[in-house]
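As stored in my_file28.tsv (TSV, C-alpha atoms):
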```tsv
chain	number	residue	atom	x	y	z
A	30	VAL	CA	118.19	97.06	89.07
A	31	SER	CA	119.04	94.70	86.23
A	32	ASP	CA	117.94	91.77	84.07
A	33	PRO	CA	114.17	92.37	83.89
A	34	CYS	CA	111.80	89.57	82.94
A	35	VAL	CA	108.33	90.93	82.02
A	36	LEU	CA	105.18	88.79	81.85
A	37	ARG	CA	101.51	89.57	81.36
A	38	ASP	CA	99.18	88.60	84.21
A	39	GLY	CA	95.63	89.17	83.03
A	40	SER	CA	95.28	92.91	82.41
A	41	ARG	CA	98.52	93.94	84.14
A	42	TRP	CA	102.23	93.49	83.55
A	43	VAL	CA	104.64	91.98	86.06
A	44	MET	CA	108.36	92.69	86.01
A	45	PHE	CA	110.79	90.43	87.86
A	46	PHE	CA	114.29	91.89	88.29
A	47	PHE	CA	117.26	91.86	90.62
A	48	GLY	CA	118.77	94.63	92.68
A	49	TYR	CA	122.30	94.84	94.05
A	50	ASP	CA	123.43	96.87	97.06
A	51	TYR	CA	127.19	96.16	96.62
A	52	LYS	CA	126.87	93.29	99.11
A	53	GLN	CA	123.99	91.06	97.96
A	54	ALA	CA	121.82	90.62	94.89
A	55	GLN	CA	118.16	89.74	95.50
A	56	GLU	CA	115.01	89.44	93.39
A	57	GLY	CA	112.31	92.11	93.22
A	58	ILE	CA	108.97	92.63	91.51
A	59	ALA	CA	107.08	95.60	90.03
A	60	LEU	CA	103.58	95.89	88.52
A	61	SER	CA	102.24	98.04	85.67
A	62	ASP	CA	98.97	98.59	83.82
A	63	ASP	CA	100.59	100.33	80.83
A	64	LEU	CA	104.28	99.25	80.65
A	65	LEU	CA	105.29	102.87	81.38
A	66	SER	CA	104.43	103.46	85.05
A	67	TRP	CA	105.64	100.81	87.48
A	68	SER	CA	104.89	100.20	91.17
A	69	LYS	CA	107.78	98.41	92.84
A	70	TYR	CA	107.10	96.08	95.76
A	71	PRO	CA	109.15	97.50	98.67
A	72	GLU	CA	110.82	94.25	99.79
A	73	PRO	CA	112.70	91.55	97.84
A	74	ILE	CA	110.54	88.59	96.82
A	75	ILE	CA	113.51	86.20	96.83
A	76	THR	CA	116.20	87.00	99.38
A	77	VAL	CA	119.60	85.43	99.84
A	78	GLY	CA	119.61	82.22	101.84
A	79	GLY	CA	121.34	81.35	105.07
A	80	LYS	CA	125.00	80.43	105.46
A	81	GLY	CA	125.93	77.48	103.24
A	82	GLU	CA	122.69	77.52	101.21
A	83	LEU	CA	122.94	77.63	97.41
A	84	ASP	CA	121.91	81.29	97.34
A	85	SER	CA	123.71	82.56	100.45
A	86	ILE	CA	125.54	85.29	98.48
A	87	PHE	CA	123.31	86.09	95.51
A	88	ALA	CA	119.77	85.30	94.33
A	89	HIS	CA	119.60	87.05	90.97
A	90	LYS	CA	119.06	87.08	87.19
A	91	PRO	CA	115.40	85.98	86.97
A	92	SER	CA	113.77	83.93	84.26
A	93	VAL	CA	110.09	83.30	84.97
A	94	ILE	CA	107.49	81.11	83.26
A	95	THR	CA	104.07	79.71	84.13
A	96	ASP	CA	102.74	76.26	83.32
A	97	ASN	CA	99.45	74.70	84.42
A	98	GLY	CA	98.87	77.46	86.98
A	99	ILE	CA	102.32	77.14	88.58
A	100	LEU	CA	104.82	80.00	88.42
A	101	TYR	CA	108.43	78.81	88.05
A	102	HIS	CA	110.98	81.47	89.01
A	103	TYR	CA	114.43	80.32	87.88
A	104	TYR	CA	117.39	82.33	89.11
A	105	THR	CA	121.16	82.22	89.57
A	106	ALA	CA	122.10	81.14	93.08
A	107	SER	CA	125.61	81.79	94.42
A	108	ARG	CA	127.45	80.72	97.56
A	109	ARG	CA	131.04	80.38	98.74
A	110	PRO	CA	132.82	77.37	97.21
A	111	GLU	CA	132.93	74.14	99.15
A	112	GLU	CA	135.16	71.10	98.82
A	113	GLY	CA	133.75	68.77	96.18
A	114	ASP	CA	132.14	71.49	94.04
A	115	ARG	CA	132.46	70.54	90.39
A	116	THR	CA	132.96	74.11	89.24
A	117	CYS	CA	134.02	77.44	90.62
A	118	ASN	CA	134.28	80.51	88.43
A	119	ILE	CA	137.05	83.11	88.66
A	120	PHE	CA	135.33	84.76	91.61
A	121	PRO	CA	135.39	82.91	94.93
A	122	GLU	CA	131.87	81.56	94.49
A	123	PHE	CA	129.90	78.56	93.31
A	124	ARG	CA	127.02	79.38	90.95
A	125	THR	CA	124.09	77.29	89.83
A	126	ILE	CA	120.55	77.70	88.50
A	127	THR	CA	117.77	77.01	90.98
A	128	VAL	CA	114.00	77.45	90.99
A	129	ALA	CA	111.38	78.84	93.34
A	130	ALA	CA	107.81	77.76	92.53
A	131	SER	CA	104.41	79.06	93.56
A	132	ARG	CA	103.43	75.57	94.70
A	133	LYS	CA	105.33	72.68	96.25
A	134	LEU	CA	106.80	70.58	93.46
A	135	PRO	CA	106.63	66.77	93.45
A	136	GLU	CA	109.83	65.11	94.60
```
Please express the file's structure as structure tokens.
Amino acid sequence: VSDPCVLRDGSRWVMFFFGYDYKQAQEGIALSDDLLSWSKYPEPIITVGGKGELDSIFAHKPSVITDNGILYHYYTASRRPEEGDRTCNIFPEFRTITVAASRKLPE
């Protein structure tokens, strides 16, 4: 588990983080009333996408904010490089920042 992002939600604390199983990195969540004892949700809240999607390899490194009642969950999405990609880091992957929101965003 790495890169926690902790926010207050009313009287409790919410920690967004990512976990890595040596194959994929996915986002998780844990809750706490006192910042010491945490209850981890058993399943990832953001999983890797399907083949060719922006997050088909990794969905990790959360940064979370709220605005006007909408939760914006920004994260690093990674997939295999494709022809036409503007960048590709030293690993064989294309990385970008993407967002998951608690409500559908206007187009």
Mind giving me the straight-line distance from CA of Ile58 in chain A to CA of Thr95 in chain A in Å, one decimal?
15.7 Å
Selection near Leu64 in chain A, 12 Å with only C-alpha atoms, sequence-local residues under 5 positions removed, as a list in words:
Val35, Leu36, Arg37, Ser40, Arg41, Trp42, Val43, Met44 and Ala59 of chain A
Shell around range 100-113 of chain A at 9 Å using all atoms listed in the file, local window under 5 positions removed, as a ChimeraX atom specification:
/A:56,77,80-95,121-132
Take the residues from that selection and put them in a file with C-alpha atoms, as an mmCIF file, in the coordinates of the input.
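New file again.cif:
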```
data_model
loop_
_atom_site.group_PDB
_atom_site.id
_atom_site.type_symbol
_atom_site.label_atom_id
_atom_site.label_comp_id
_atom_site.auth_asym_id
_atom_site.auth_seq_id
_atom_site.Cartn_x
_atom_site.Cartn_y
_atom_site.Cartn_z
ATOM 1 C CA GLU A 56 115.010 89.440 93.390
ATOM 2 C CA VAL A 77 119.600 85.430 99.840
ATOM 3 C CA LYS A 80 125.000 80.430 105.460
ATOM 4 C CA GLY A 81 125.930 77.480 103.240
ATOM 5 C CA GLU A 82 122.690 77.520 101.210
ATOM 6 C CA LEU A 83 122.940 77.630 97.410
ATOM 7 C CA ASP A 84 121.910 81.290 97.340
ATOM 8 C CA SER A 85 123.710 82.560 100.450
ATOM 9 C CA ILE A 86 125.540 85.290 98.480
ATOM 10 C CA PHE A 87 123.310 86.090 95.510
ATOM 11 C CA ALA A 88 119.770 85.300 94.330
ATOM 12 C CA HIS A 89 119.600 87.050 90.970
ATOM 13 C CA LYS A 90 119.060 87.080 87.190
ATOM 14 C CA PRO A 91 115.400 85.980 86.970
ATOM 15 C CA SER A 92 113.770 83.930 84.260
ATOM 16 C CA VAL A 93 110.090 83.300 84.970
ATOM 17 C CA ILE A 94 107.490 81.110 83.260
ATOM 18 C CA THR A 95 104.070 79.710 84.130
ATOM 19 C CA PRO A 121 135.390 82.910 94.930
ATOM 20 C CA GLU A 122 131.870 81.560 94.490
ATOM 21 C CA PHE A 123 129.900 78.560 93.310
ATOM 22 C CA ARG A 124 127.020 79.380 90.950
ATOM 23 C CA THR A 125 124.090 77.290 89.830
ATOM 24 C CA ILE A 126 120.550 77.700 88.500
ATOM 25 C CA THR A 127 117.770 77.010 90.980
ATOM 26 C CA VAL A 128 114.000 77.450 90.990
ATOM 27 C CA ALA A 129 111.380 78.840 93.340
ATOM 28 C CA ALA A 130 107.810 77.760 92.530
ATOM 29 C CA SER A 131 104.410 79.060 93.560
ATOM 30 C CA ARG A 132 103.430 75.570 94.700
#
```
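Nearest to Gly48 in chain A of all the residues A:Glu136, A:Asp114, A:Asp32, A:Asp96 is A:Asp32, based on all atoms listed in the file.
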Mind giving me the straight-line distance from CA of Lys69 in chain A to CA of Ser31 in chain A in Å, one decimal?
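Value for the CA of Lys69 in chain A-CA of Ser31 in chain A distance: 13.6 Å.
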In Å, with one decimal, what is the gap from CA of Lys52 in chain A to CA of Arg115 in chain A?
25.0 Å
Would you pull range 77-90 of chain A out of the block just shown and save N, CA, C and O atoms as a PDB file, in the first residue's frame?
```pdb
ATOM      1  N   VAL A  77      -8.083  -1.723 -12.632  1.00  0.00           N
ATOM      2  CA  VAL A  77      -7.516  -1.468 -13.947  1.00  0.00           C
ATOM      3  C   VAL A  77      -8.596  -1.671 -15.008  1.00  0.00           C
ATOM      4  O   VAL A  77      -9.539  -2.445 -14.806  1.00  0.00           O
ATOM      5  N   GLY A  78      -8.453  -0.963 -16.112  1.00  0.00           N
ATOM      6  CA  GLY A  78      -9.426  -1.041 -17.186  1.00  0.00           C
ATOM      7  C   GLY A  78      -9.164  -2.219 -18.115  1.00  0.00           C
ATOM      8  O   GLY A  78      -8.224  -2.995 -17.919  1.00  0.00           O
ATOM      9  N   GLY A  79      -9.966  -2.313 -19.126  1.00  0.00           N
ATOM     10  CA  GLY A  79      -9.825  -3.372 -20.117  1.00  0.00           C
ATOM     11  C   GLY A  79      -8.672  -3.102 -21.077  1.00  0.00           C
ATOM     12  O   GLY A  79      -8.057  -2.024 -21.054  1.00  0.00           O
ATOM     13  N   LYS A  80      -8.382  -4.051 -21.914  1.00  0.00           N
ATOM     14  CA  LYS A  80      -7.280  -3.946 -22.868  1.00  0.00           C
ATOM     15  C   LYS A  80      -7.423  -2.679 -23.711  1.00  0.00           C
ATOM     16  O   LYS A  80      -8.487  -2.394 -24.245  1.00  0.00           O
ATOM     17  N   GLY A  81      -6.338  -1.895 -23.777  1.00  0.00           N
ATOM     18  CA  GLY A  81      -6.322  -0.674 -24.572  1.00  0.00           C
ATOM     19  C   GLY A  81      -6.837   0.562 -23.868  1.00  0.00           C
ATOM     20  O   GLY A  81      -6.640   1.677 -24.343  1.00  0.00           O
ATOM     21  N   GLU A  82      -7.514   0.406 -22.719  1.00  0.00           N
ATOM     22  CA  GLU A  82      -7.992   1.581 -21.985  1.00  0.00           C
ATOM     23  C   GLU A  82      -6.821   2.287 -21.317  1.00  0.00           C
ATOM     24  O   GLU A  82      -5.766   1.697 -21.098  1.00  0.00           O
ATOM     25  N   LEU A  83      -6.998   3.554 -20.981  1.00  0.00           N
ATOM     26  CA  LEU A  83      -5.917   4.355 -20.390  1.00  0.00           C
ATOM     27  C   LEU A  83      -5.316   3.731 -19.146  1.00  0.00           C
ATOM     28  O   LEU A  83      -4.141   3.913 -18.861  1.00  0.00           O
ATOM     29  N   ASP A  84      -6.119   3.001 -18.376  1.00  0.00           N
ATOM     30  CA  ASP A  84      -5.640   2.418 -17.126  1.00  0.00           C
ATOM     31  C   ASP A  84      -5.610   0.889 -17.173  1.00  0.00           C
ATOM     32  O   ASP A  84      -5.868   0.215 -16.191  1.00  0.00           O
ATOM     33  N   SER A  85      -5.269   0.325 -18.332  1.00  0.00           N
ATOM     34  CA  SER A  85      -5.282  -1.128 -18.473  1.00  0.00           C
ATOM     35  C   SER A  85      -4.147  -1.833 -17.744  1.00  0.00           C
ATOM     36  O   SER A  85      -4.212  -3.039 -17.530  1.00  0.00           O
ATOM     37  N   ILE A  86      -3.097  -1.101 -17.345  1.00  0.00           N
ATOM     38  CA  ILE A  86      -2.006  -1.705 -16.560  1.00  0.00           C
ATOM     39  C   ILE A  86      -2.079  -1.265 -15.101  1.00  0.00           C
ATOM     40  O   ILE A  86      -2.047  -2.091 -14.201  1.00  0.00           O
ATOM     41  N   PHE A  87      -2.154   0.033 -14.889  1.00  0.00           N
ATOM     42  CA  PHE A  87      -2.166   0.585 -13.530  1.00  0.00           C
ATOM     43  C   PHE A  87      -3.251   1.647 -13.380  1.00  0.00           C
ATOM     44  O   PHE A  87      -3.511   2.416 -14.303  1.00  0.00           O
ATOM     45  N   ALA A  88      -3.851   1.696 -12.192  1.00  0.00           N
ATOM     46  CA  ALA A  88      -4.744   2.766 -11.761  1.00  0.00           C
ATOM     47  C   ALA A  88      -4.282   3.094 -10.348  1.00  0.00           C
ATOM     48  O   ALA A  88      -4.667   2.432  -9.396  1.00  0.00           O
ATOM     49  N   HIS A  89      -3.392   4.097 -10.226  1.00  0.00           N
ATOM     50  CA  HIS A  89      -2.740   4.303  -8.933  1.00  0.00           C
ATOM     51  C   HIS A  89      -2.350   5.755  -8.669  1.00  0.00           C
ATOM     52  O   HIS A  89      -2.558   6.612  -9.498  1.00  0.00           O
ATOM     53  N   LYS A  90      -1.839   5.991  -7.469  1.00  0.00           N
ATOM     54  CA  LYS A  90      -1.349   7.290  -6.996  1.00  0.00           C
ATOM     55  C   LYS A  90      -2.485   8.318  -6.890  1.00  0.00           C
ATOM     56  O   LYS A  90      -2.543   9.279  -7.634  1.00  0.00           O
TER      57      LYS A  90
END
```
